[in-house]
Amino acid sequence: MPARGGKGVGVARGIRRRDLLQAAAVTALLAGCTPSPQPKPTPTASAAAAPNQSFTFGTPASPIGLDPALTADIESWRVTRQVLEGLLTTDPETGAPSPALATQWTQSSDLLSYTFTLRQGVRFHDGTPFTAAAVKTNFDRWFNFSPTLRAARGVLPFTAAFQAHSDAPQLSLYKGCTVLGDYLVRLDLTSPLTGLLQALTAPAFAISSPTALKAGSADVEDQPSAGTRISRYAQHPVGTGPFRFKEWTSDRVLLEASPDYWGTRGQIEQLALVVYDQAQNRLDALVEGTIDGYDAVTLDNIETLVRKGLQVVRRDPFSVMYLGMNQSVPILQNESVRLAIASAINKNSLITPIFLEDTKPAAQFLPPKLNGFNQAGGFPSFDPEKSKRLIAQSGYRGEPLKFYYPLDVTHLVLPSPEKVYAELSAQLTLVGLNIQPVPIAWSDGYLERVTTPGDHAFHLLGRYGTYADPDDFLASLFGSKNGEFGFFDAQLFSKLGRARGLPDGNDRTAAYQNINAQLASTAPAIPIAFPISAVAVSSRINTYPTSPVLNETFNHVVLTS
């Protein structure tokens with residue numbers, strides 16, 4: 001789907017032109033493209049015209065931790081995208097994997113090895129040279145994450161992509177990383193992984209300075225942060241990106257342009273990412289000129305933004321918001337009860353007053369245009385009378401069911417959590433469930449509480465896609481047993497394992513459609529919406545580089561002044 005500006009919202013000519021260019025990119029991205037290495041673009045004349053600018057951007061929440069391999073929330077990755085880079089990135093015009101720290105790559109004929117030629121002359125922000133040895137250090141670290149480290153959070157991106165770690169090598173798709181030369185490295189697999197190149201574009205596979213990892217005891221999580229614990233390295237990341245880390249306080253992250261960056265420097269010298277956890281506060285700050293832009297525009301913001309003539313740039317939908325259900329709660333082990341809950345939800349009545357225009361109801365977990373998307377959906381449609389009958393027949397006797405939802409946050413897939421909770425809990429109460437609210441501030445560890453084992457029966461969360469492959473959504477959510485959903489389905493896990501190794505084509509599409517159908521028939525969670533998200537910016541901005549996968553780095557922001 002093409003990116004587009006909101007109806008009735010003023011969009012500067014530069015941004016409108018960018019959106020038109022991005023339309024082709026989004027279409028290609030969501031369809032899934034093959035890699036085509038291209039040289040990195042040189043700085044544009046407009047970007048070079050007015051360097052050394054300061055820029056302040058409002059965010060809806062503080063990051064949790066700045067080690068992207070271990071902390072995968074959107075605000076943490078927003079920061080680490082500026083500081084760290086991976087071997088590959090997504091091309092903004094095609095959506096395909098594109099050169100970053102690797103300049104080119106080849107795949108072996110047996111599909112089990114990828115050899116990457118690395119960019120030369122690059123140094124990490126601490127002065128450590130970027131070489132093949134640094135790449136191997138990072139991959140070895142991820143593969144060797146301990147069971148204790150992994151148990152402290154939900155499914156890690158490495159686990160989702162490769163299935164297992166060094167303590168279960170027979171189950172892992174990852175075999176090893178071999179240094180072939182100072183700037184040549186090979187990744188070996190135990191089985192084909194069709195989405196590997198796409199996966200390597202995700203922030204979780206960004207390359208950190210080996211020196212900084214060691215100095216910051218990156219695998220020792222002994223520092224408090226947002227209701228959880230992180231390492232000293234996760235407080236001060238060191239990469240090769242366009243910005244280097246300067247400071248992180250409770251309400252802001254300060255970054256500065258890297259003077260030796262190998263790519264496009266851009267205009268911004270000092271970048272401040274400032275937290276405004278209330279939508280009205282972000283809007284007020286933009287109107288007053290305190291900030292230059294902000295993320296997570298809400299429906300309540302639109303009228304004022306239009307009246308003030310401020311710009312709104314929407315992203316194409318590439319996320320799913322869902323109601324999570326935890327089968328460690330006995331009544332939710334009953335498939336009929338879960339399907340009854342799906343029938344109890346009127347998605348349209350929830351979406352219309354809360355989400356941005358053009359947000360669509362979701363009948364599956366894959367966004368449209370991804371291979372494996374089922375036009376027919378499959379989850380039960382709204383039928384409260386059927387829901388009541390199924391619940392009455394289930395043996396449920398009114399036991400309280402804890403419903404966790406976050407406070408003090410506007411998430412890109414969950415714009416007004418309290419309102420979403422209120423509507424969903426009302427609908428579930430109407431069909432006979434005894435809902436017990438459990439509000440938890442986002443900064444008090446909400447994400448960890450609902451993605452690890454616990455007493456949450458229901459919770460609100462979403463999945464924002466990071467690369468264009470169905471595996472990113474389905475394997476990340478349902479590819480293995482986890483504390484979020486508390487279920488074990490060996491058949492589903494096996495199907496996902498098989499699908500990820502199939503070559504692109506009809507068989508792979510059919511495999512994911514079959515997986516979608518199985519999810520719809522068993523309902524381990526319930527997809528609610530494919531949310532539209534948007535950024536608001538001042539007239540100072542000529543171009544803000546929105547991306548459906550949030551690959552938005554501020555060295556590509558073009559300012560008018």
# chains A, B, ... in the order shown; residues from 1 in each chain; ligands from 1

call {"tool": "closest_atom_pairs", "arguments": {"of": "segment 407-516 of chain A", "to": "segment 186-208 of chain A", "cutoff": "9 Å", "atoms": "only C-alpha atoms", "output": "JSON lines"}}
result
{"residue": "A:Thr466", "atom": "CA", "partner": "A:Ala202", "partner_atom": "CA", "distance": 5.6}
{"residue": "A:Tyr467", "atom": "CA", "partner": "A:Gln198", "partner_atom": "CA", "distance": 5.6}
{"residue": "A:Ala468", "atom": "CA", "partner": "A:Gln198", "partner_atom": "CA", "distance": 6.5}
{"residue": "A:Asp469", "atom": "CA", "partner": "A:Gly195", "partner_atom": "CA", "distance": 6.2}
{"residue": "A:Pro470", "atom": "CA", "partner": "A:Gly195", "partner_atom": "CA", "distance": 8.7}
{"residue": "A:Asp471", "atom": "CA", "partner": "A:Gly195", "partner_atom": "CA", "distance": 7.4}
{"residue": "A:Asp472", "atom": "CA", "partner": "A:Ala199", "partner_atom": "CA", "distance": 7.6}
{"residue": "A:Ala499", "atom": "CA", "partner": "A:Thr194", "partner_atom": "CA", "distance": 8.9}
{"residue": "A:Arg500", "atom": "CA", "partner": "A:Leu193", "partner_atom": "CA", "distance": 5.8}
{"residue": "A:Gly501", "atom": "CA", "partner": "A:Leu193", "partner_atom": "CA", "distance": 4.7}
{"residue": "A:Leu502", "atom": "CA", "partner": "A:Thr194", "partner_atom": "CA", "distance": 6.6}
{"residue": "A:Pro503", "atom": "CA", "partner": "A:Thr194", "partner_atom": "CA", "distance": 6.0}
{"residue": "A:Asp504", "atom": "CA", "partner": "A:Thr194", "partner_atom": "CA", "distance": 7.2}

call {"tool": "select_by_dssp", "arguments": {"residues": "segment 11-229 of chain A", "states": "strand (DSSP E)", "output": "PyMOL selection string"}}
result
chain A and resi 53-59+85-86+88-90+97-99+102-107+113-118+174-181+184-189+206-207+223-225+228-229

call {"tool": "write_last_selection", "arguments": {"atoms": "C-alpha atoms", "output": "mmCIF file, in the first residue's frame"}}
result
data_model
loop_
_atom_site.group_PDB
_atom_site.id
_atom_site.type_symbol
_atom_site.label_atom_id
_atom_site.label_comp_id
_atom_site.auth_asym_id
_atom_site.auth_seq_id
_atom_site.Cartn_x
_atom_site.Cartn_y
_atom_site.Cartn_z
ATOM 1 C CA GLN A 53 21.854 21.958 13.399
ATOM 2 C CA SER A 54 20.219 20.948 16.667
ATOM 3 C CA PHE A 55 17.036 18.901 16.519
ATOM 4 C CA THR A 56 14.588 17.866 19.233
ATOM 5 C CA PHE A 57 12.119 15.045 18.722
ATOM 6 C CA GLY A 58 9.340 14.012 21.106
ATOM 7 C CA THR A 59 8.884 10.325 21.877
ATOM 8 C CA GLU A 85 24.368 -0.502 12.232
ATOM 9 C CA GLY A 86 24.068 -4.038 10.938
ATOM 10 C CA LEU A 88 22.473 -4.891 5.998
ATOM 11 C CA THR A 89 19.769 -2.263 6.019
ATOM 12 C CA THR A 90 16.514 -1.807 4.096
ATOM 13 C CA PRO A 97 18.076 -5.761 1.949
ATOM 14 C CA SER A 98 20.737 -3.209 1.082
ATOM 15 C CA PRO A 99 24.425 -2.677 1.922
ATOM 16 C CA ALA A 102 28.554 -5.255 4.340
ATOM 17 C CA THR A 103 29.002 -4.013 0.788
ATOM 18 C CA GLN A 104 28.110 -7.234 -1.004
ATOM 19 C CA TRP A 105 27.269 -10.868 -0.330
ATOM 20 C CA THR A 106 26.957 -14.249 -1.993
ATOM 21 C CA GLN A 107 24.984 -17.368 -1.126
ATOM 22 C CA SER A 113 26.288 -20.307 3.717
ATOM 23 C CA TYR A 114 26.404 -16.562 3.117
ATOM 24 C CA THR A 115 29.711 -14.778 2.564
ATOM 25 C CA PHE A 116 29.808 -11.043 3.275
ATOM 26 C CA THR A 117 32.386 -8.548 2.042
ATOM 27 C CA LEU A 118 32.704 -5.847 4.693
ATOM 28 C CA TYR A 174 22.666 -21.091 13.099
ATOM 29 C CA LYS A 175 25.892 -23.086 12.783
ATOM 30 C CA GLY A 176 28.671 -20.544 13.069
ATOM 31 C CA CYS A 177 30.513 -17.444 11.904
ATOM 32 C CA THR A 178 33.924 -17.838 10.254
ATOM 33 C CA VAL A 179 36.482 -15.097 9.615
ATOM 34 C CA LEU A 180 37.867 -15.527 6.080
ATOM 35 C CA GLY A 181 39.915 -12.330 6.068
ATOM 36 C CA LEU A 184 35.430 -11.170 4.723
ATOM 37 C CA VAL A 185 33.127 -13.246 6.920
ATOM 38 C CA ARG A 186 30.915 -16.297 6.361
ATOM 39 C CA LEU A 187 27.701 -17.239 8.163
ATOM 40 C CA ASP A 188 26.855 -20.942 8.119
ATOM 41 C CA LEU A 189 23.419 -22.460 8.689
ATOM 42 C CA ALA A 206 23.382 -4.459 14.677
ATOM 43 C CA ILE A 207 27.113 -4.798 15.315
ATOM 44 C CA GLN A 223 21.570 -2.105 36.368
ATOM 45 C CA PRO A 224 17.918 -1.122 37.039
ATOM 46 C CA SER A 225 15.851 0.251 34.167
ATOM 47 C CA THR A 228 13.771 -4.588 34.703
ATOM 48 C CA ARG A 229 17.560 -4.939 34.711
#

call {"tool": "select_by_dssp", "arguments": {"residues": "segment 113-318 of chain A", "states": "alpha helix (DSSP H)", "output": "VMD selection string"}}
result
chain A and resid 132 to 143 147 to 151 157 to 162 196 to 199 210 to 215 279 to 288 302 to 307

call {"tool": "write_last_selection", "arguments": {"atoms": "N, CA and C atoms", "output": "CSV table (one decimal), in the first residue's frame"}}
result
chain,number,residue,atom,x,y,z
A,132,ALA,N,36.1,-8.2,10.3
A,132,ALA,CA,35.4,-9.5,10.4
A,132,ALA,C,35.4,-10.1,11.8
A,133,ALA,N,36.5,-9.8,12.5
A,133,ALA,CA,36.6,-10.3,13.9
A,133,ALA,C,35.5,-9.7,14.7
A,134,ALA,N,35.2,-8.4,14.5
A,134,ALA,CA,34.1,-7.8,15.3
A,134,ALA,C,32.7,-8.4,15.0
A,135,VAL,N,32.5,-8.7,13.7
A,135,VAL,CA,31.3,-9.4,13.3
A,135,VAL,C,31.1,-10.7,14.0
A,136,LYS,N,32.2,-11.5,14.0
A,136,LYS,CA,32.2,-12.8,14.7
A,136,LYS,C,31.9,-12.7,16.2
A,137,THR,N,32.6,-11.7,16.8
A,137,THR,CA,32.3,-11.5,18.2
A,137,THR,C,30.9,-11.3,18.5
A,138,ASN,N,30.2,-10.5,17.7
A,138,ASN,CA,28.8,-10.3,18.0
A,138,ASN,C,27.9,-11.5,17.7
A,139,PHE,N,28.2,-12.2,16.6
A,139,PHE,CA,27.4,-13.4,16.4
A,139,PHE,C,27.6,-14.5,17.4
A,140,ASP,N,28.9,-14.7,17.8
A,140,ASP,CA,29.2,-15.6,18.9
A,140,ASP,C,28.5,-15.3,20.1
A,141,ARG,N,28.4,-14.0,20.5
A,141,ARG,CA,27.8,-13.6,21.7
A,141,ARG,C,26.3,-13.9,21.6
A,142,TRP,N,25.6,-13.6,20.5
A,142,TRP,CA,24.2,-13.9,20.4
A,142,TRP,C,23.9,-15.4,20.5
A,143,PHE,N,24.7,-16.2,19.9
A,143,PHE,CA,24.5,-17.6,19.8
A,143,PHE,C,24.7,-18.2,21.3
A,147,PRO,N,20.7,-19.5,29.0
A,147,PRO,CA,19.3,-19.7,29.4
A,147,PRO,C,18.8,-18.7,30.4
A,148,THR,N,19.6,-18.4,31.4
A,148,THR,CA,19.2,-17.4,32.4
A,148,THR,C,18.9,-16.0,31.8
A,149,LEU,N,19.8,-15.6,30.9
A,149,LEU,CA,19.7,-14.3,30.2
A,149,LEU,C,18.4,-14.3,29.4
A,150,ARG,N,18.1,-15.4,28.7
A,150,ARG,CA,17.0,-15.5,27.8
A,150,ARG,C,15.7,-15.6,28.6
A,151,ALA,N,15.7,-16.2,29.7
A,151,ALA,CA,14.5,-16.4,30.5
A,151,ALA,C,14.0,-15.1,31.1
A,157,PRO,N,15.1,-11.8,19.5
A,157,PRO,CA,15.2,-11.8,18.0
A,157,PRO,C,16.1,-12.9,17.5
A,158,PHE,N,17.2,-13.1,18.1
A,158,PHE,CA,18.1,-14.2,17.6
A,158,PHE,C,17.4,-15.6,17.7
A,159,THR,N,16.7,-15.8,18.8
A,159,THR,CA,15.9,-17.0,19.0
A,159,THR,C,14.8,-17.1,17.9
A,160,ALA,N,14.1,-16.0,17.7
A,160,ALA,CA,13.0,-16.1,16.7
A,160,ALA,C,13.5,-16.4,15.3
A,161,ALA,N,14.7,-15.9,15.0
A,161,ALA,CA,15.2,-16.1,13.6
A,161,ALA,C,15.9,-17.4,13.5
A,162,PHE,N,16.6,-17.9,14.5
A,162,PHE,CA,17.4,-19.1,14.4
A,162,PHE,C,17.0,-20.3,15.2
A,196,LEU,N,16.8,-15.0,5.9
A,196,LEU,CA,18.0,-14.5,6.6
A,196,LEU,C,18.4,-13.1,6.3
A,197,LEU,N,18.5,-12.8,5.0
A,197,LEU,CA,19.0,-11.4,4.6
A,197,LEU,C,18.0,-10.4,5.2
A,198,GLN,N,16.7,-10.6,5.0
A,198,GLN,CA,15.7,-9.7,5.6
A,198,GLN,C,15.9,-9.6,7.1
A,199,ALA,N,16.1,-10.7,7.8
A,199,ALA,CA,16.3,-10.6,9.2
A,199,ALA,C,17.5,-9.8,9.7
A,210,PRO,N,33.3,-4.6,20.0
A,210,PRO,CA,33.7,-5.7,20.9
A,210,PRO,C,34.4,-5.1,22.2
A,211,THR,N,35.1,-4.0,22.0
A,211,THR,CA,35.8,-3.4,23.1
A,211,THR,C,34.7,-2.9,24.1
A,212,ALA,N,33.7,-2.2,23.6
A,212,ALA,CA,32.6,-1.7,24.5
A,212,ALA,C,31.8,-2.8,25.1
A,213,LEU,N,31.5,-3.9,24.4
A,213,LEU,CA,30.8,-5.0,25.0
A,213,LEU,C,31.5,-5.6,26.2
A,214,LYS,N,32.8,-5.7,26.0
A,214,LYS,CA,33.6,-6.3,27.1
A,214,LYS,C,33.7,-5.3,28.3
A,215,ALA,N,34.0,-4.0,28.0
A,215,ALA,CA,34.1,-3.0,29.0
A,215,ALA,C,32.8,-2.8,29.8
A,279,ALA,N,-0.1,12.3,25.1
A,279,ALA,CA,-0.2,12.8,23.7
A,279,ALA,C,-0.4,14.3,23.7
A,280,GLN,N,-1.2,14.8,24.6
A,280,GLN,CA,-1.4,16.3,24.7
A,280,GLN,C,-0.2,17.0,24.9
A,281,ASN,N,0.7,16.5,25.8
A,281,ASN,CA,2.0,17.2,26.1
A,281,ASN,C,2.9,17.2,24.8
A,282,ARG,N,2.9,16.2,24.0
A,282,ARG,CA,3.7,16.2,22.8
A,282,ARG,C,3.1,17.2,21.8
A,283,LEU,N,1.8,17.2,21.7
A,283,LEU,CA,1.2,18.2,20.8
A,283,LEU,C,1.5,19.6,21.3
A,284,ASP,N,1.3,19.9,22.6
A,284,ASP,CA,1.6,21.3,23.1
A,284,ASP,C,3.0,21.7,22.8
A,285,ALA,N,4.0,20.7,23.0
A,285,ALA,CA,5.4,21.1,22.8
A,285,ALA,C,5.7,21.4,21.3
A,286,LEU,N,5.0,20.7,20.4
A,286,LEU,CA,5.2,21.0,19.0
A,286,LEU,C,4.6,22.4,18.6
A,287,VAL,N,3.4,22.6,19.1
A,287,VAL,CA,2.7,23.9,18.8
A,287,VAL,C,3.5,25.1,19.4
A,288,GLU,N,4.1,24.9,20.6
A,288,GLU,CA,4.9,25.9,21.2
A,288,GLU,C,6.3,26.1,20.6
A,302,ILE,N,-5.4,15.3,15.9
A,302,ILE,CA,-5.5,15.6,14.5
A,302,ILE,C,-6.1,17.0,14.3
A,303,GLU,N,-7.2,17.3,15.0
A,303,GLU,CA,-7.9,18.6,14.7
A,303,GLU,C,-7.0,19.8,15.0
A,304,THR,N,-6.2,19.7,16.1
A,304,THR,CA,-5.3,20.8,16.4
A,304,THR,C,-4.2,20.9,15.4
A,305,LEU,N,-3.6,19.8,15.0
A,305,LEU,CA,-2.6,19.8,14.0
A,305,LEU,C,-3.0,20.4,12.7
A,306,VAL,N,-4.3,20.1,12.3
A,306,VAL,CA,-4.8,20.7,11.0
A,306,VAL,C,-5.0,22.2,11.2
A,307,ARG,N,-5.6,22.6,12.3
A,307,ARG,CA,-5.9,24.0,12.6
A,307,ARG,C,-4.6,24.8,12.6

call {"tool": "residues_around", "arguments": {"residues": "Val535 of chain A", "least_positions_apart": "2", "cutoff": "10 Å", "atoms": "only C-alpha atoms", "output": "VMD selection string"}}
result
chain A and resid 58 293 to 298 311 to 315 533 537 544 546

call {"tool": "residues_around", "arguments": {"residues": "segment 236-248 of chain A", "least_positions_apart": "6", "cutoff": "10 Å", "atoms": "only C-alpha atoms", "output": "PyMOL selection string"}}
result
chain A and resi 62-63+65-68+79-86+100-101+122-130+206-213+216+218+254-266+268-273+553-556

call {"tool": "closest_residue", "arguments": {"among": "A:Ile532, A:Ala490, A:Ala363, A:Val220", "to": "Tyr233 of chain A", "atoms": "only C-alpha atoms"}}
result
A:Val220

call {"tool": "residues_around", "arguments": {"residues": "Pro415 of chain A", "least_positions_apart": "4", "cutoff": "12 Å", "atoms": "only C-alpha atoms", "output": "PyMOL selection string"}}
result
chain A and resi 60+277-279+295-301+321+350-351+353-356+359+406-411+419-421+460-462+529+531-534

call {"tool": "residues_around", "arguments": {"residues": "Gln364 of chain A", "least_positions_apart": "6", "cutoff": "12 Å", "atoms": "only C-alpha atoms", "output": "ChimeraX atom specification"}}
result
/A:319-323,342,370,372-381,470,473-474,512-521,523-530

call {"tool": "write_last_selection", "arguments": {"atoms": "C-alpha atoms", "output": "PDB file, in the first residue's frame"}}
result
ATOM      1  CA  SER A 319       2.050  -3.928  12.504  1.00  0.00           C
ATOM      2  CA  VAL A 320      -0.659  -5.787  14.366  1.00  0.00           C
ATOM      3  CA  MET A 321      -2.259  -4.941  17.710  1.00  0.00           C
ATOM      4  CA  TYR A 322      -3.598  -7.957  19.579  1.00  0.00           C
ATOM      5  CA  LEU A 323      -5.242  -9.237  22.737  1.00  0.00           C
ATOM      6  CA  ALA A 342     -12.645 -13.922  19.771  1.00  0.00           C
ATOM      7  CA  LEU A 370       2.994 -10.184   3.132  1.00  0.00           C
ATOM      8  CA  GLY A 372       0.910 -15.946   3.439  1.00  0.00           C
ATOM      9  CA  PHE A 373      -1.762 -13.311   4.119  1.00  0.00           C
ATOM     10  CA  ASN A 374      -5.240 -14.877   3.934  1.00  0.00           C
ATOM     11  CA  GLN A 375      -7.840 -12.629   2.361  1.00  0.00           C
ATOM     12  CA  ALA A 376     -10.563 -14.522   4.193  1.00  0.00           C
ATOM     13  CA  GLY A 377      -8.882 -14.147   7.568  1.00  0.00           C
ATOM     14  CA  GLY A 378     -10.224 -17.018   9.612  1.00  0.00           C
ATOM     15  CA  PHE A 379     -10.700 -15.831  13.199  1.00  0.00           C
ATOM     16  CA  PRO A 380     -14.331 -15.926  14.360  1.00  0.00           C
ATOM     17  CA  SER A 381     -16.397 -12.869  13.489  1.00  0.00           C
ATOM     18  CA  PRO A 470       6.076 -13.580   7.521  1.00  0.00           C
ATOM     19  CA  PHE A 473       5.509 -11.924  12.820  1.00  0.00           C
ATOM     20  CA  LEU A 474       4.565 -15.578  13.165  1.00  0.00           C
ATOM     21  CA  TYR A 512       2.025 -19.675   5.842  1.00  0.00           C
ATOM     22  CA  GLN A 513      -1.630 -19.566   4.841  1.00  0.00           C
ATOM     23  CA  ASN A 514      -2.034 -22.980   6.471  1.00  0.00           C
ATOM     24  CA  ILE A 515      -0.313 -21.688   9.609  1.00  0.00           C
ATOM     25  CA  ASN A 516      -2.650 -18.691   9.635  1.00  0.00           C
ATOM     26  CA  ALA A 517      -5.624 -21.028   9.409  1.00  0.00           C
ATOM     27  CA  GLN A 518      -4.351 -23.081  12.352  1.00  0.00           C
ATOM     28  CA  LEU A 519      -3.875 -19.948  14.456  1.00  0.00           C
ATOM     29  CA  ALA A 520      -7.424 -18.879  13.611  1.00  0.00           C
ATOM     30  CA  SER A 521      -8.830 -22.257  14.634  1.00  0.00           C
ATOM     31  CA  ALA A 523      -6.734 -18.673  18.888  1.00  0.00           C
ATOM     32  CA  PRO A 524      -3.639 -18.500  21.113  1.00  0.00           C
ATOM     33  CA  ALA A 525      -4.136 -14.729  20.863  1.00  0.00           C
ATOM     34  CA  ILE A 526      -6.578 -12.475  19.013  1.00  0.00           C
ATOM     35  CA  PRO A 527      -5.525  -9.965  16.350  1.00  0.00           C
ATOM     36  CA  ILE A 528      -7.464  -6.716  16.699  1.00  0.00           C
ATOM     37  CA  ALA A 529      -6.134  -4.106  14.266  1.00  0.00           C
ATOM     38  CA  PHE A 530      -3.532  -3.182  11.666  1.00  0.00           C
TER      39      PHE A 530
END

call {"tool": "residues_around", "arguments": {"residues": "Pro453 of chain A", "least_positions_apart": "6", "cutoff": "8 Å", "atoms": "only C-alpha atoms", "output": "compact mmCIF listing (two decimals) with N, CA, C and O atoms, in the first residue's frame"}}
result
# COMPACT_ATOMS: atom_id res chain seq x y z
N ASN A 482 6.55 -19.80 25.10
CA ASN A 482 7.01 -18.57 25.75
C ASN A 482 6.06 -18.19 26.87
O ASN A 482 4.95 -18.69 26.97
N GLY A 483 6.52 -17.29 27.72
CA GLY A 483 5.73 -16.88 28.87
C GLY A 483 4.57 -15.98 28.54
O GLY A 483 3.66 -15.81 29.37
N GLU A 484 4.58 -15.39 27.34
CA GLU A 484 3.50 -14.48 26.99
C GLU A 484 2.19 -15.23 26.80
O GLU A 484 1.15 -14.81 27.32
N GLY A 486 1.96 -18.88 27.03
CA GLY A 486 1.91 -20.07 27.87
C GLY A 486 1.36 -21.30 27.20
O GLY A 486 0.69 -22.11 27.85

call {"tool": "atom_distance", "arguments": {"atom1": "atom CA of Asp251 of chain A", "atom2": "atom CA of Thr290 of chain A"}}
result
14.5 Å

call {"tool": "atom_distance", "arguments": {"atom1": "atom CA of Ser547 of chain A", "atom2": "atom CA of Phe318 of chain A"}}
result
9.5 Å

call {"tool": "closest_residue", "arguments": {"among": "A:Asn506, A:Thr451, A:Ser561, A:Gln163", "to": "Asn52 of chain A", "atoms": "only C-alpha atoms"}}
result
A:Ser561

call {"tool": "atom_distance", "arguments": {"atom1": "atom CA of Ala441 of chain A", "atom2": "atom CA of Ala226 of chain A"}}
result
9.2 Å

call {"tool": "closest_residue", "arguments": {"among": "A:Glu75, A:Glu418, A:Glu423, A:Asp110", "to": "Pro439 of chain A", "atoms": "only C-alpha atoms"}}
result
A:Glu418
